[in-house]
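Visitor: What follows is run_10.csv, made up of CSV, C-alpha atoms and all ligand atoms:
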```csv
chain,number,residue,atom,x,y,z
A,1014,MET,CA,73.1,118.7,97.2
A,1015,LYS,CA,74.7,121.7,95.6
A,1016,GLU,CA,74.9,125.4,96.3
A,1017,VAL,CA,73.4,127.5,93.6
A,1018,ALA,CA,73.6,131.3,93.3
A,1019,SER,CA,70.1,132.8,93.6
A,1020,TYR,CA,70.5,134.3,90.2
A,1021,TYR,CA,70.6,130.9,88.6
A,1022,LEU,CA,67.7,129.3,90.4
A,1023,LYS,CA,64.9,127.9,88.3
A,1024,GLU,CA,61.3,127.0,89.1
A,1025,GLY,CA,60.9,123.5,90.3
A,1026,MET,CA,64.2,123.2,92.1
A,1027,VAL,CA,63.9,121.8,95.6
A,1028,LEU,CA,65.6,123.3,98.6
A,1029,ALA,CA,68.0,120.9,100.4
A,1030,ARG,CA,68.4,123.2,103.5
A,1031,ASN,CA,66.3,125.8,105.3
A,1032,VAL,CA,66.8,129.3,103.9
A,1033,THR,CA,67.3,131.9,106.7
A,1034,THR,CA,67.9,135.6,106.8
A,1035,PRO,CA,71.1,136.9,108.4
A,1036,SER,CA,69.2,137.4,111.6
A,1037,GLY,CA,68.1,133.7,111.6
A,1038,GLN,CA,64.5,134.0,110.6
A,1039,ILE,CA,63.5,131.1,108.4
A,1040,ILE,CA,62.1,132.2,105.0
A,1041,PHE,CA,61.7,128.8,103.4
A,1042,LYS,CA,62.0,125.3,104.8
A,1043,LYS,CA,64.0,122.4,103.4
A,1044,GLY,CA,62.0,120.4,100.9
A,1045,LYS,CA,60.2,123.4,99.4
A,1046,THR,CA,59.8,123.4,95.6
A,1047,LEU,CA,60.8,126.8,94.3
A,1048,SER,CA,58.2,128.9,92.4
A,1049,LYS,CA,58.9,132.0,90.4
A,1050,GLN,CA,57.5,134.1,93.3
A,1051,ALA,CA,59.7,132.2,95.8
A,1052,ILE,CA,62.8,133.0,93.7
A,1053,LEU,CA,61.8,136.7,93.6
A,1054,GLN,CA,61.4,136.6,97.4
A,1055,LEU,CA,65.0,135.3,97.8
A,1056,THR,CA,66.2,138.3,95.8
A,1057,PHE,CA,64.1,140.6,97.9
A,1058,TYR,CA,65.6,139.2,101.1
A,1059,ASN,CA,69.1,139.6,99.5
A,1060,ILE,CA,69.8,135.8,99.8
A,1061,GLN,CA,72.9,135.2,97.6
A,1062,SER,CA,72.7,131.4,97.3
A,1063,VAL,CA,70.8,128.4,98.5
A,1064,PHE,CA,71.3,124.6,98.7
A,1065,ILE,CA,69.4,122.7,96.2
A,1066,GLU,CA,68.7,118.9,96.1
A,1067,GLY,CA,70.5,117.1,93.3
A,1068,GLU,CA,74.0,115.8,92.4
A,1069,GLU,CA,77.2,117.6,93.3
A,1070,GLU,CA,78.2,120.2,90.7
A,1071,ASP,CA,80.9,118.6,88.7
A,1072,GLN,CA,81.2,121.1,85.9
A,1073,LEU,CA,83.0,124.0,87.5
A,1074,ASP,CA,82.3,126.3,84.6
A,1075,SER,CA,78.6,125.7,84.6
A,1076,PRO,CA,76.7,129.0,85.4
A,1077,SER,CA,75.4,128.0,88.8
A,1078,ALA,CA,78.9,127.2,90.0
A,1079,VAL,CA,80.3,130.5,88.9
A,1080,LYS,CA,79.9,133.4,91.3
A,1081,SER,CA,77.5,135.9,89.9
A,1082,TYR,CA,78.9,139.4,89.3
A,1083,SER,CA,76.9,140.6,92.3
A,1084,GLN,CA,78.4,137.8,94.5
A,1085,LYS,CA,81.9,138.8,93.5
A,1086,ILE,CA,81.2,142.4,94.5
A,1087,LYS,CA,79.5,141.5,97.7
A,1088,THR,CA,82.4,139.4,98.9
A,1089,SER,CA,85.0,142.0,98.0
A,1090,GLN,CA,86.9,144.0,100.6
A,1091,LYS,CA,85.8,147.2,99.0
A,1092,PHE,CA,82.2,146.3,99.4
A,1093,GLN,CA,82.6,145.3,103.0
A,1094,SER,CA,84.2,148.7,103.9
A,1095,PHE,CA,81.7,150.7,101.8
A,1096,GLN,CA,78.9,148.9,103.5
A,1097,ILE,CA,80.2,149.9,106.9
A,1098,ASP,CA,80.7,153.6,105.9
A,1099,HIS,CA,77.3,153.6,104.2
A,1100,THR,CA,75.7,152.3,107.4
A,1101,ILE,CA,77.4,154.9,109.5
A,1102,VAL,CA,76.2,157.7,107.2
A,1103,LEU,CA,72.7,156.3,107.4
A,1104,SER,CA,72.7,156.4,111.2
A,1105,GLN,CA,73.9,160.0,111.1
A,1106,MET,CA,71.1,160.9,108.7
A,1107,ARG,CA,68.6,159.1,110.9
A,1108,VAL,CA,69.6,161.0,114.1
A,1109,SER,CA,69.7,164.3,112.2
A,1110,PHE,CA,66.4,163.9,110.3
A,1111,GLU,CA,64.5,162.6,113.3
A,1112,GLY,CA,66.0,165.2,115.5
A,1113,TYR,CA,64.7,167.9,113.2
A,1114,VAL,CA,61.3,166.4,112.3
A,1115,ASN,CA,60.4,165.3,115.8
A,1116,ASN,CA,62.2,167.8,118.1
A,1117,GLY,CA,63.1,170.8,115.9
A,1118,ILE,CA,66.8,170.4,116.3
A,1119,PRO,CA,68.5,172.3,113.4
A,1120,LEU,CA,69.8,170.2,110.6
A,1121,ASP,CA,73.5,170.4,110.1
A,1122,THR,CA,73.4,170.2,106.3
A,1123,LYS,CA,77.1,171.0,105.8
A,1124,LEU,CA,78.1,168.1,108.0
A,1125,LEU,CA,75.6,165.7,106.2
A,1126,VAL,CA,76.8,166.7,102.8
A,1127,SER,CA,80.5,166.3,103.8
A,1128,LYS,CA,79.6,162.7,104.9
A,1129,VAL,CA,78.1,162.0,101.5
A,1130,GLU,CA,81.1,163.5,99.8
A,1131,GLU,CA,83.5,161.2,101.8
A,1132,LEU,CA,81.4,158.2,100.9
A,1133,PHE,CA,81.4,159.2,97.2
A,1134,ASP,CA,85.1,159.9,97.2
A,1135,SER,CA,85.8,156.4,98.7
A,1136,CYS,CA,84.8,155.0,95.2
A,1137,LYS,CA,87.6,155.5,92.7
A,1138,THR,CA,85.4,155.2,89.6
A,1139,SER,CA,81.8,155.6,88.7
A,1140,LEU,CA,81.7,151.8,88.0
A,1141,GLU,CA,82.8,151.2,91.6
A,1142,LEU,CA,80.2,153.6,92.9
A,1143,PHE,CA,77.3,151.9,90.9
A,1144,ASN,CA,78.6,148.4,91.8
A,1145,MET,CA,78.3,149.4,95.4
A,1146,LEU,CA,74.9,151.0,95.1
A,1147,HIS,CA,73.4,148.2,93.1
A,1148,ASN,CA,74.4,145.7,95.8
A,1149,MET,CA,73.5,147.8,98.9
A,1150,HIS,CA,69.8,147.3,98.4
A,1151,SER,CA,68.1,144.9,100.7
A,1152,SER,CA,64.6,144.3,102.1
A,1153,ASP,CA,65.0,147.0,104.8
A,1154,ASP,CA,65.6,149.8,102.3
A,1155,SER,CA,64.3,152.8,104.1
A,1156,VAL,CA,63.8,156.5,103.4
A,1157,TYR,CA,67.3,157.0,104.5
A,1158,GLY,CA,68.9,154.3,102.3
A,1159,HIS,CA,67.0,155.6,99.3
A,1160,SER,CA,67.8,159.3,100.0
A,1161,LEU,CA,71.5,158.6,100.5
A,1162,ASN,CA,71.6,156.7,97.2
A,1163,VAL,CA,69.8,159.4,95.4
A,1164,SER,CA,72.2,162.0,96.8
A,1165,LEU,CA,75.2,159.9,95.6
A,1166,ILE,CA,73.6,159.5,92.1
A,1167,CYS,CA,72.8,163.2,91.9
A,1168,ARG,CA,76.4,164.0,92.8
A,1169,GLN,CA,77.5,161.7,90.0
A,1170,ILE,CA,75.1,163.3,87.5
A,1171,GLY,CA,76.4,166.7,88.5
A,1172,LYS,CA,80.0,165.6,87.8
A,1173,TRP,CA,79.2,163.8,84.5
A,1174,SER,CA,77.4,167.1,83.5
A,1175,LYS,CA,80.6,169.0,84.3
A,1176,LEU,CA,78.8,171.3,86.7
A,1177,ASP,CA,80.9,173.5,89.1
A,1178,ALA,CA,81.6,172.4,92.6
A,1179,GLY,CA,78.8,174.6,94.1
A,1180,ALA,CA,76.2,173.1,91.8
A,1181,VAL,CA,77.4,169.6,92.6
A,1182,GLU,CA,77.1,170.3,96.3
A,1183,LEU,CA,73.6,171.7,95.8
A,1184,LEU,CA,72.5,168.5,93.9
A,1185,THR,CA,74.1,166.3,96.7
A,1186,LEU,CA,72.0,168.2,99.3
A,1187,ALA,CA,68.8,168.2,97.3
A,1188,GLY,CA,69.1,164.4,96.8
A,1189,LEU,CA,69.7,163.9,100.4
A,1190,LEU,CA,66.6,165.9,101.6
A,1191,HIS,CA,64.1,165.3,98.8
A,1192,ASP,CA,62.1,162.7,100.6
A,1193,ILE,CA,62.3,163.9,104.2
A,1194,GLY,CA,58.5,164.4,104.2
A,1195,LYS,CA,58.1,160.6,104.0
A,1196,LEU,CA,58.9,160.6,107.7
A,1197,LYS,CA,55.5,162.2,108.2
A,1198,ILE,CA,53.8,159.1,106.6
A,1199,PRO,CA,53.1,156.0,108.8
A,1200,ALA,CA,55.8,153.4,108.1
A,1201,GLU,CA,53.2,150.6,107.7
A,1202,ILE,CA,51.7,152.4,104.7
A,1203,LEU,CA,55.1,153.5,103.2
A,1204,ASN,CA,56.6,150.1,103.4
A,1205,LYS,CA,53.4,148.1,102.6
A,1206,PRO,CA,54.3,145.2,100.3
A,1207,GLY,CA,52.1,145.2,97.2
A,1208,LYS,CA,49.9,147.9,95.7
A,1209,TYR,CA,48.5,150.9,97.6
A,1210,THR,CA,44.8,151.5,97.8
A,1211,ASP,CA,43.7,154.8,96.2
A,1212,GLU,CA,43.6,156.5,99.7
A,1213,GLU,CA,47.0,155.2,100.6
A,1214,TYR,CA,48.5,156.4,97.3
A,1215,ALA,CA,46.9,159.8,97.8
A,1216,LEU,CA,48.6,160.0,101.2
A,1217,VAL,CA,52.0,158.8,99.9
A,1218,LYS,CA,51.9,161.5,97.2
A,1219,GLN,CA,51.5,164.1,99.9
A,1220,HIS,CA,55.2,163.5,100.8
A,1221,THR,CA,56.4,166.1,98.3
A,1222,GLN,CA,54.4,168.8,100.0
A,1223,TYR,CA,55.4,167.5,103.5
A,1224,SER,CA,59.1,167.7,102.4
A,1225,TYR,CA,58.7,171.2,101.2
A,1226,ASP,CA,56.9,172.3,104.3
A,1227,LEU,CA,59.6,170.8,106.5
A,1228,LEU,CA,62.4,172.5,104.5
A,1229,GLU,CA,60.6,175.8,103.9
A,1230,PRO,CA,61.6,177.5,107.2
A,1231,LEU,CA,65.3,176.5,106.9
A,1232,ASN,CA,68.0,178.7,105.5
A,1233,LEU,CA,68.6,176.6,102.4
A,1234,ASP,CA,69.0,177.3,98.7
A,1235,PRO,CA,65.5,177.6,97.2
A,1236,HIS,CA,66.4,174.9,94.6
A,1237,VAL,CA,66.7,172.3,97.5
A,1238,LYS,CA,63.2,173.2,98.6
A,1239,MET,CA,61.8,173.1,95.1
A,1240,ALA,CA,63.5,169.8,94.4
A,1241,ALA,CA,61.6,168.3,97.4
A,1242,LEU,CA,58.3,169.7,96.1
A,1243,SER,CA,58.8,168.9,92.4
A,1244,HIS,CA,60.8,165.7,92.1
A,1245,HIS,CA,57.7,163.7,91.0
A,1246,GLU,CA,56.8,166.2,88.3
A,1247,ARG,CA,57.6,164.9,84.8
A,1248,CYS,CA,58.6,167.1,81.8
A,1249,ASP,CA,55.7,165.9,79.7
A,1250,GLY,CA,53.3,167.1,82.4
A,1251,SER,CA,52.3,163.6,83.7
A,1252,GLY,CA,53.7,164.0,87.2
A,1253,TYR,CA,52.5,165.4,90.5
A,1254,PRO,CA,51.7,167.5,92.5
A,1255,SER,CA,51.0,170.2,89.8
A,1256,GLY,CA,51.5,168.6,86.4
A,1257,LEU,CA,54.2,171.0,85.5
A,1258,LYS,CA,56.1,170.7,82.3
A,1259,ASN,CA,59.8,171.2,81.2
A,1260,ASP,CA,61.2,174.5,82.3
A,1261,GLU,CA,58.3,175.0,84.7
A,1262,ILE,CA,60.0,172.4,86.9
A,1263,ASP,CA,63.0,173.4,88.9
A,1264,VAL,CA,66.3,172.4,87.3
A,1265,VAL,CA,67.6,170.7,90.4
A,1266,ALA,CA,64.3,168.8,90.8
A,1267,ARG,CA,64.8,167.5,87.2
A,1268,VAL,CA,68.1,165.9,88.2
A,1269,VAL,CA,66.7,164.5,91.5
A,1270,THR,CA,63.9,162.9,89.4
A,1271,ILE,CA,66.3,160.9,87.3
A,1272,ALA,CA,68.3,159.7,90.3
A,1273,ASP,CA,65.1,158.9,92.2
A,1274,VAL,CA,63.7,156.7,89.3
A,1275,TYR,CA,67.0,155.0,88.7
A,1276,ASP,CA,67.4,154.0,92.4
A,1277,ALA,CA,63.8,152.8,92.6
A,1278,MET,CA,64.3,150.6,89.5
A,1279,THR,CA,67.5,149.0,90.7
A,1280,THR,CA,66.0,148.2,94.1
A,1281,ALA,CA,64.4,144.8,94.7
A,1282,ARG,CA,60.6,144.9,95.2
A,1283,SER,CA,58.5,142.1,96.7
A,1284,TYR,CA,57.0,141.6,93.2
A,1285,ARG,CA,60.2,141.9,91.1
A,1286,ALA,CA,63.9,141.4,91.2
A,1287,PRO,CA,66.1,144.6,90.9
A,1288,LEU,CA,66.6,145.6,87.2
A,1289,CYS,CA,70.1,145.4,85.8
A,1290,PRO,CA,71.5,148.7,84.4
A,1291,PHE,CA,70.6,147.8,80.8
A,1292,GLU,CA,67.0,146.9,81.8
A,1293,VAL,CA,66.8,150.3,83.5
A,1294,ILE,CA,68.0,152.1,80.4
A,1295,GLU,CA,65.5,150.0,78.3
A,1296,LYS,CA,62.7,151.0,80.7
A,1297,PHE,CA,63.7,154.7,80.5
A,1298,GLU,CA,63.8,154.4,76.6
A,1299,ARG,CA,60.5,152.5,76.5
A,1300,GLU,CA,58.6,154.8,78.8
A,1301,GLY,CA,59.8,157.8,76.9
A,1302,LEU,CA,62.8,160.1,77.5
A,1303,GLN,CA,60.5,163.1,77.0
A,1304,ARG,CA,59.4,162.6,80.6
A,1305,TYR,CA,62.8,163.8,81.7
A,1306,ASP,CA,65.2,166.7,81.2
A,1307,ALA,CA,66.6,166.0,77.7
A,1308,LYS,CA,70.2,167.1,78.6
A,1309,PHE,CA,70.5,165.3,81.9
A,1310,ILE,CA,68.8,162.1,80.9
A,1311,LEU,CA,71.0,161.6,77.8
A,1312,THR,CA,74.2,162.4,79.8
A,1313,PHE,CA,73.1,160.0,82.5
A,1314,LEU,CA,72.1,157.1,80.3
A,1315,ASN,CA,75.2,157.5,78.1
A,1316,HIS,CA,77.5,157.4,81.0
A,1317,ILE,CA,75.7,154.4,82.6
A,1318,ALA,CA,75.9,152.4,79.4
A,1319,ASN,CA,79.5,153.4,78.9
A,1320,THR,CA,80.3,152.3,82.5
A,1321,TYR,CA,79.5,148.7,81.4
A,1322,GLN,CA,81.2,148.9,78.0
A,1323,ASN,CA,83.3,145.7,77.5
A,1324,HIS,CA,81.5,143.9,80.3
A,1325,ARG,CA,80.3,140.4,80.2
A,1326,ILE,CA,76.5,140.1,80.2
A,1327,LEU,CA,73.7,137.5,80.2
A,1328,LEU,CA,71.2,137.7,77.4
A,1329,SER,CA,67.5,136.9,77.9
A,1330,ASP,CA,67.8,133.7,76.0
A,1331,GLY,CA,70.5,132.4,78.4
A,1332,ARG,CA,73.6,133.0,76.3
A,1333,SER,CA,76.4,135.1,77.7
A,1334,ALA,CA,78.4,137.6,75.6
A,1335,ASN,CA,80.6,140.7,75.8
A,1336,ILE,CA,79.5,144.2,75.0
A,1337,VAL,CA,81.6,145.4,72.1
A,1338,MET,CA,79.8,148.6,70.8
A,1339,LEU,CA,77.1,150.8,72.1
A,1340,ASN,CA,74.3,152.0,69.8
A,1341,SER,CA,73.5,155.7,70.4
A,1342,LYS,CA,70.0,155.2,68.9
A,1343,GLN,CA,69.1,152.8,71.6
A,1344,LEU,CA,71.7,152.5,74.4
A,1345,SER,CA,70.0,149.4,75.9
A,1346,LYS,CA,70.7,147.4,72.7
A,1347,PRO,CA,74.4,147.4,72.0
A,1348,ILE,CA,76.4,145.0,69.7
A,1349,VAL,CA,77.6,142.0,71.6
A,1350,GLN,CA,80.1,139.3,70.9
A,1351,LEU,CA,78.9,135.8,71.7
A,1352,ASP,CA,81.2,133.1,73.0
A,1353,ASP,CA,81.6,131.5,69.6
A,1354,GLY,CA,83.2,134.8,68.4
A,1355,SER,CA,80.2,135.9,66.3
A,1356,CYS,CA,78.7,139.4,66.8
A,1357,LEU,CA,75.1,140.1,67.4
A,1358,ASP,CA,73.4,143.5,67.1
A,1359,LEU,CA,70.7,143.6,69.7
A,1360,TYR,CA,69.1,146.6,68.0
A,1361,THR,CA,68.1,144.5,65.0
A,1362,ALA,CA,67.8,141.1,66.8
A,1363,SER,CA,64.4,139.6,66.7
A,1364,GLY,CA,62.3,138.2,69.6
A,1365,GLY,CA,62.8,140.9,72.1
A,1366,LEU,CA,66.3,139.7,72.9
A,1367,HIS,CA,67.8,141.9,75.6
A,1368,ILE,CA,70.5,142.1,78.3
A,1369,GLN,CA,69.2,140.5,81.5
A,1370,ALA,CA,72.2,140.9,83.8
A,1371,VAL,CA,75.8,142.1,84.0
A,1372,LEU,CA,78.0,139.1,84.9
A,1401,FE,FE,59.7,161.1,96.5
```
For this file, write the structure as structure tokens.
Guide:
Amino acid sequence: MKEVASYYLKEGMVLARNVTTPSGQIIFKKGKTLSKQAILQLTFYNIQSVFIEGEEEDQLDSPSAVKSYSQKIKTSQKFQSFQIDHTIVLSQMRVSFEGYVNNGIPLDTKLLVSKVEELFDSCKTSLELFNMLHNMHSSDDSVYGHSLNVSLICRQIGKWSKLDAGAVELLTLAGLLHDIGKLKIPAEILNKPGKYTDEEYALVKQHTQYSYDLLEPLNLDPHVKMAALSHHERCDGSGYPSGLKNDEIDVVARVVTIADVYDAMTTARSYRAPLCPFEVIEKFEREGLQRYDAKFILTFLNHIANTYQNHRILLSDGRSANIVMLNSKQLSKPIVQLDDGSCLDLYTASGGLHIQAVL
């Protein structure tokens, strides 16, 4: 029997012990042969490692014996304290949002923004912030968890874009409140695993109007209200509710959109593992940057890629390497140095070779 980080599990491996959630619920029983779907489910439930049948690991430097980057972060003291602070802010948001939506108790937006600022400032660098955010996601991601993350990412985009303090605060608040209308949608529809029916999707799409209607009577900057209404619009006109294009879309909404999409892509879903930052950049590039505000999306993706400059990564063919130089033509395909010392340009490499994980 050996303990294997979930990241390194392969189809066909057999569980040597039951796999349980932190609350003790059994997900898989001992003896189960892992399928691709089962491995995805482990990621979804945030299970870091499992016990697999087979001989003891004797090569300490083999991948499965090495803690994944994610595991190293999750066991760090910084992560433990961030997780506590994050949870406290989430419960403050929950009390505030529900108090307003259900009982009309005024929202103390100044207090909420100050809590997000404290959490943001507890991270010394943007790398630390994104390390925390990528690892906070779990199966119980709610409107609150997503909204808090979007708020933190909006704040970071504002800072990377060198906006003044007032504008950064505005972005922080817009990110925090953008999805408040989802509280009007039944949780069983919102959190339904798998695909929505057409009727369900039509209802979920209503959340932008619900958010706007909830914020409309409040004494808030109009950009915050418009960000709630328009954060699913896309610059090429492919979004909803109105199919607006480019400058027709509120500028704050255009930033919230980027943070919203990034957070969704880096969150585990029941049908896929969370994407690593380079896979997210690749997805943005593949789907077309013209869907987003040109200035903000380039600033954002450049900074994200730079955040992981010199990091060790895992390639899609199983080899590990270090990032040595970014390619401004395609940020998801940098030049990397393999363990034998040779360099490989992912931009020109054949066979769809790409970065699969940050190690
Ligand atoms: Fe939304």
Visitor: Tell me, counting only C-alpha atoms and all ligand atoms, for each residue of chain A within 7 Å of ligand FE 1401 (chain A), which pair of atoms is nearest and how far apart they are in Å to one decimal, in rows ordered by chain and increasing number, as a tab-separated table.
Guide:
```
residue	atom	partner	partner_atom	distance
A:His1191	CA	A:FE1401	FE	6.5
A:Asp1192	CA	A:FE1401	FE	5.0
A:His1220	CA	A:FE1401	FE	6.7
A:Thr1221	CA	A:FE1401	FE	6.3
A:His1244	CA	A:FE1401	FE	6.5
A:His1245	CA	A:FE1401	FE	6.4
```
Visitor: So what do you get for CA of Gly1365 in chain A versus CA of Pro1290 in chain A, distance-wise?
Guide: 17.0 Å
Visitor: Find the distance between CA of Thr1279 in chain A and CA of Ser1345 in chain A and write it in Å to one decimal.
Guide: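 Those two atoms sit 15.0 Å apart.
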Visitor: Counting only C-alpha atoms, note down every residue that has an atom within 6 Å of the point (65.3, 135.8, 75.8) (file coordinates), as a VMD selection string.
Guide: chain A and resid 1329 to 1330 1366
Visitor: Hey, can you pull every residue with an atom no more than 10 Å from (79.9, 140.9, 66.4), using only C-alpha atoms, and send it as number ranges by chain?
Guide: A: 1334-1338, 1348-1351, 1354-1358
Visitor: Closest to Lys1258 in chain A among A:Glu1212, A:Glu1066, A:Glu1246, A:Asp1273, using only C-alpha atoms?
Guide: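 Looking only at the distances to Lys1258 in chain A, the closest residue turns out to be A:Glu1246.
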Visitor: Excluding Gly1171 in chain A and any residue of its chain fewer than 3 positions from it, enumerate the residues within 10 Å of it, using all atoms listed in the file, and give them as a JSON list (two decimals) with C-alpha atoms, in the frame of the given file.
Guide:
```
[["chain", "number", "residue", "atom", "x", "y", "z"],
["A", 1165, "LEU", "CA", 75.20, 159.90, 95.60],
["A", 1166, "ILE", "CA", 73.60, 159.50, 92.10],
["A", 1167, "CYS", "CA", 72.80, 163.20, 91.90],
["A", 1168, "ARG", "CA", 76.40, 164.00, 92.80],
["A", 1174, "SER", "CA", 77.40, 167.10, 83.50],
["A", 1175, "LYS", "CA", 80.60, 169.00, 84.30],
["A", 1176, "LEU", "CA", 78.80, 171.30, 86.70],
["A", 1177, "ASP", "CA", 80.90, 173.50, 89.10],
["A", 1178, "ALA", "CA", 81.60, 172.40, 92.60],
["A", 1179, "GLY", "CA", 78.80, 174.60, 94.10],
["A", 1180, "ALA", "CA", 76.20, 173.10, 91.80],
["A", 1181, "VAL", "CA", 77.40, 169.60, 92.60],
["A", 1182, "GLU", "CA", 77.10, 170.30, 96.30],
["A", 1183, "LEU", "CA", 73.60, 171.70, 95.80],
["A", 1184, "LEU", "CA", 72.50, 168.50, 93.90],
["A", 1185, "THR", "CA", 74.10, 166.30, 96.70],
["A", 1265, "VAL", "CA", 67.60, 170.70, 90.40],
["A", 1268, "VAL", "CA", 68.10, 165.90, 88.20],
["A", 1309, "PHE", "CA", 70.50, 165.30, 81.90],
["A", 1312, "THR", "CA", 74.20, 162.40, 79.80],
["A", 1313, "PHE", "CA", 73.10, 160.00, 82.50]]
```
Visitor: Out of A:Val1063, A:Met1014, A:Arg1304, A:Gly1252, which residue has the shortest atom-to-atom distance to Thr1034 in chain A when counting all atoms listed in the file?
Guide: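 Of the candidates, the smallest distance to Thr1034 in chain A is held by A:Val1063.
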Visitor: Smallest atom-to-atom distance to Gln1343 in chain A: which of A:Ser1109, A:Thr1361, A:Ser1135, A:Ser1094, using all atoms listed in the file?
Guide: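 Looking only at the distances to Gln1343 in chain A, the closest residue turns out to be A:Thr1361.
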Visitor: So which one's closest to Tyr1223 in chain A, A:Val1114, A:Leu1125, A:Ile1040, A:Cys1289? Using all atoms listed in the file, please.
Guide: A:Val1114
Visitor: Asn1031 in chain A: which residues within 10 Å, counting all atoms listed in the file, same-chain residues fewer than 3 positions away excluded, as a VMD selection string?
Guide: chain A and resid 1028 1038 to 1045 1063 to 1064
Visitor: If we count only C-alpha atoms and set the cut-off at 12 Å, which residues sit around Ile1202 in chain A, ignoring sequence neighbours fewer than 3 positions away in its own chain? Please answer as number ranges by chain.
Guide: A: 1195-1199, 1205-1218
Visitor: For Ser1083 in chain A, which residue among A:Leu1146, A:Gly1158, A:Ile1101, A:Leu1132 is the nearest when counting all atoms listed in the file?
Guide: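 Of A:Leu1146, A:Gly1158, A:Ile1101, A:Leu1132, the one nearest Ser1083 in chain A, counting all atoms listed in the file, is A:Leu1146.
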Visitor: Can you measure CA of Gly1301 in chain A to CA of Met1278 in chain A for me? One decimal in Å is fine.
Guide: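 According to the coordinates, CA of Gly1301 in chain A and CA of Met1278 in chain A are separated by 15.2 Å.
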Visitor: Please, can range 1218-1234 of chain A be completed to N, CA and C atoms and returned as a CSV table (one decimal), in the coordinates of the input?
Guide:
```csv
chain,number,residue,atom,x,y,z
A,1218,LYS,N,51.5,160.4,98.1
A,1218,LYS,CA,51.9,161.5,97.2
A,1218,LYS,C,52.0,162.8,97.9
A,1219,GLN,N,51.4,162.9,99.1
A,1219,GLN,CA,51.5,164.1,99.9
A,1219,GLN,C,53.0,164.4,100.4
A,1220,HIS,N,53.8,163.3,100.3
A,1220,HIS,CA,55.2,163.5,100.8
A,1220,HIS,C,55.9,164.7,100.2
A,1221,THR,N,55.6,165.0,98.9
A,1221,THR,CA,56.4,166.1,98.3
A,1221,THR,C,56.0,167.4,99.0
A,1222,GLN,N,54.8,167.6,99.3
A,1222,GLN,CA,54.4,168.8,100.0
A,1222,GLN,C,54.9,168.8,101.5
A,1223,TYR,N,54.9,167.6,102.1
A,1223,TYR,CA,55.4,167.5,103.5
A,1223,TYR,C,56.9,167.9,103.5
A,1224,SER,N,57.6,167.4,102.5
A,1224,SER,CA,59.1,167.7,102.4
A,1224,SER,C,59.3,169.2,102.3
A,1225,TYR,N,58.5,169.8,101.4
A,1225,TYR,CA,58.7,171.2,101.2
A,1225,TYR,C,58.4,172.0,102.4
A,1226,ASP,N,57.3,171.6,103.1
A,1226,ASP,CA,56.9,172.3,104.3
A,1226,ASP,C,57.9,172.2,105.4
A,1227,LEU,N,58.6,171.0,105.5
A,1227,LEU,CA,59.6,170.8,106.5
A,1227,LEU,C,60.9,171.7,106.2
A,1228,LEU,N,61.2,171.8,104.9
A,1228,LEU,CA,62.4,172.5,104.5
A,1228,LEU,C,62.2,174.0,104.4
A,1229,GLU,N,60.9,174.4,104.2
A,1229,GLU,CA,60.6,175.8,103.9
A,1229,GLU,C,61.2,176.8,104.9
A,1230,PRO,N,61.1,176.6,106.2
A,1230,PRO,CA,61.6,177.5,107.2
A,1230,PRO,C,63.1,177.6,107.3
A,1231,LEU,N,63.8,176.6,106.7
A,1231,LEU,CA,65.3,176.5,106.9
A,1231,LEU,C,66.0,177.5,105.9
A,1232,ASN,N,67.2,177.9,106.3
A,1232,ASN,CA,68.0,178.7,105.5
A,1232,ASN,C,68.8,177.9,104.5
A,1233,LEU,N,68.0,177.5,103.4
A,1233,LEU,CA,68.6,176.6,102.4
A,1233,LEU,C,68.4,177.2,101.0
A,1234,ASP,N,69.2,176.9,100.1
A,1234,ASP,CA,69.0,177.3,98.7
A,1234,ASP,C,67.6,177.0,98.2
```
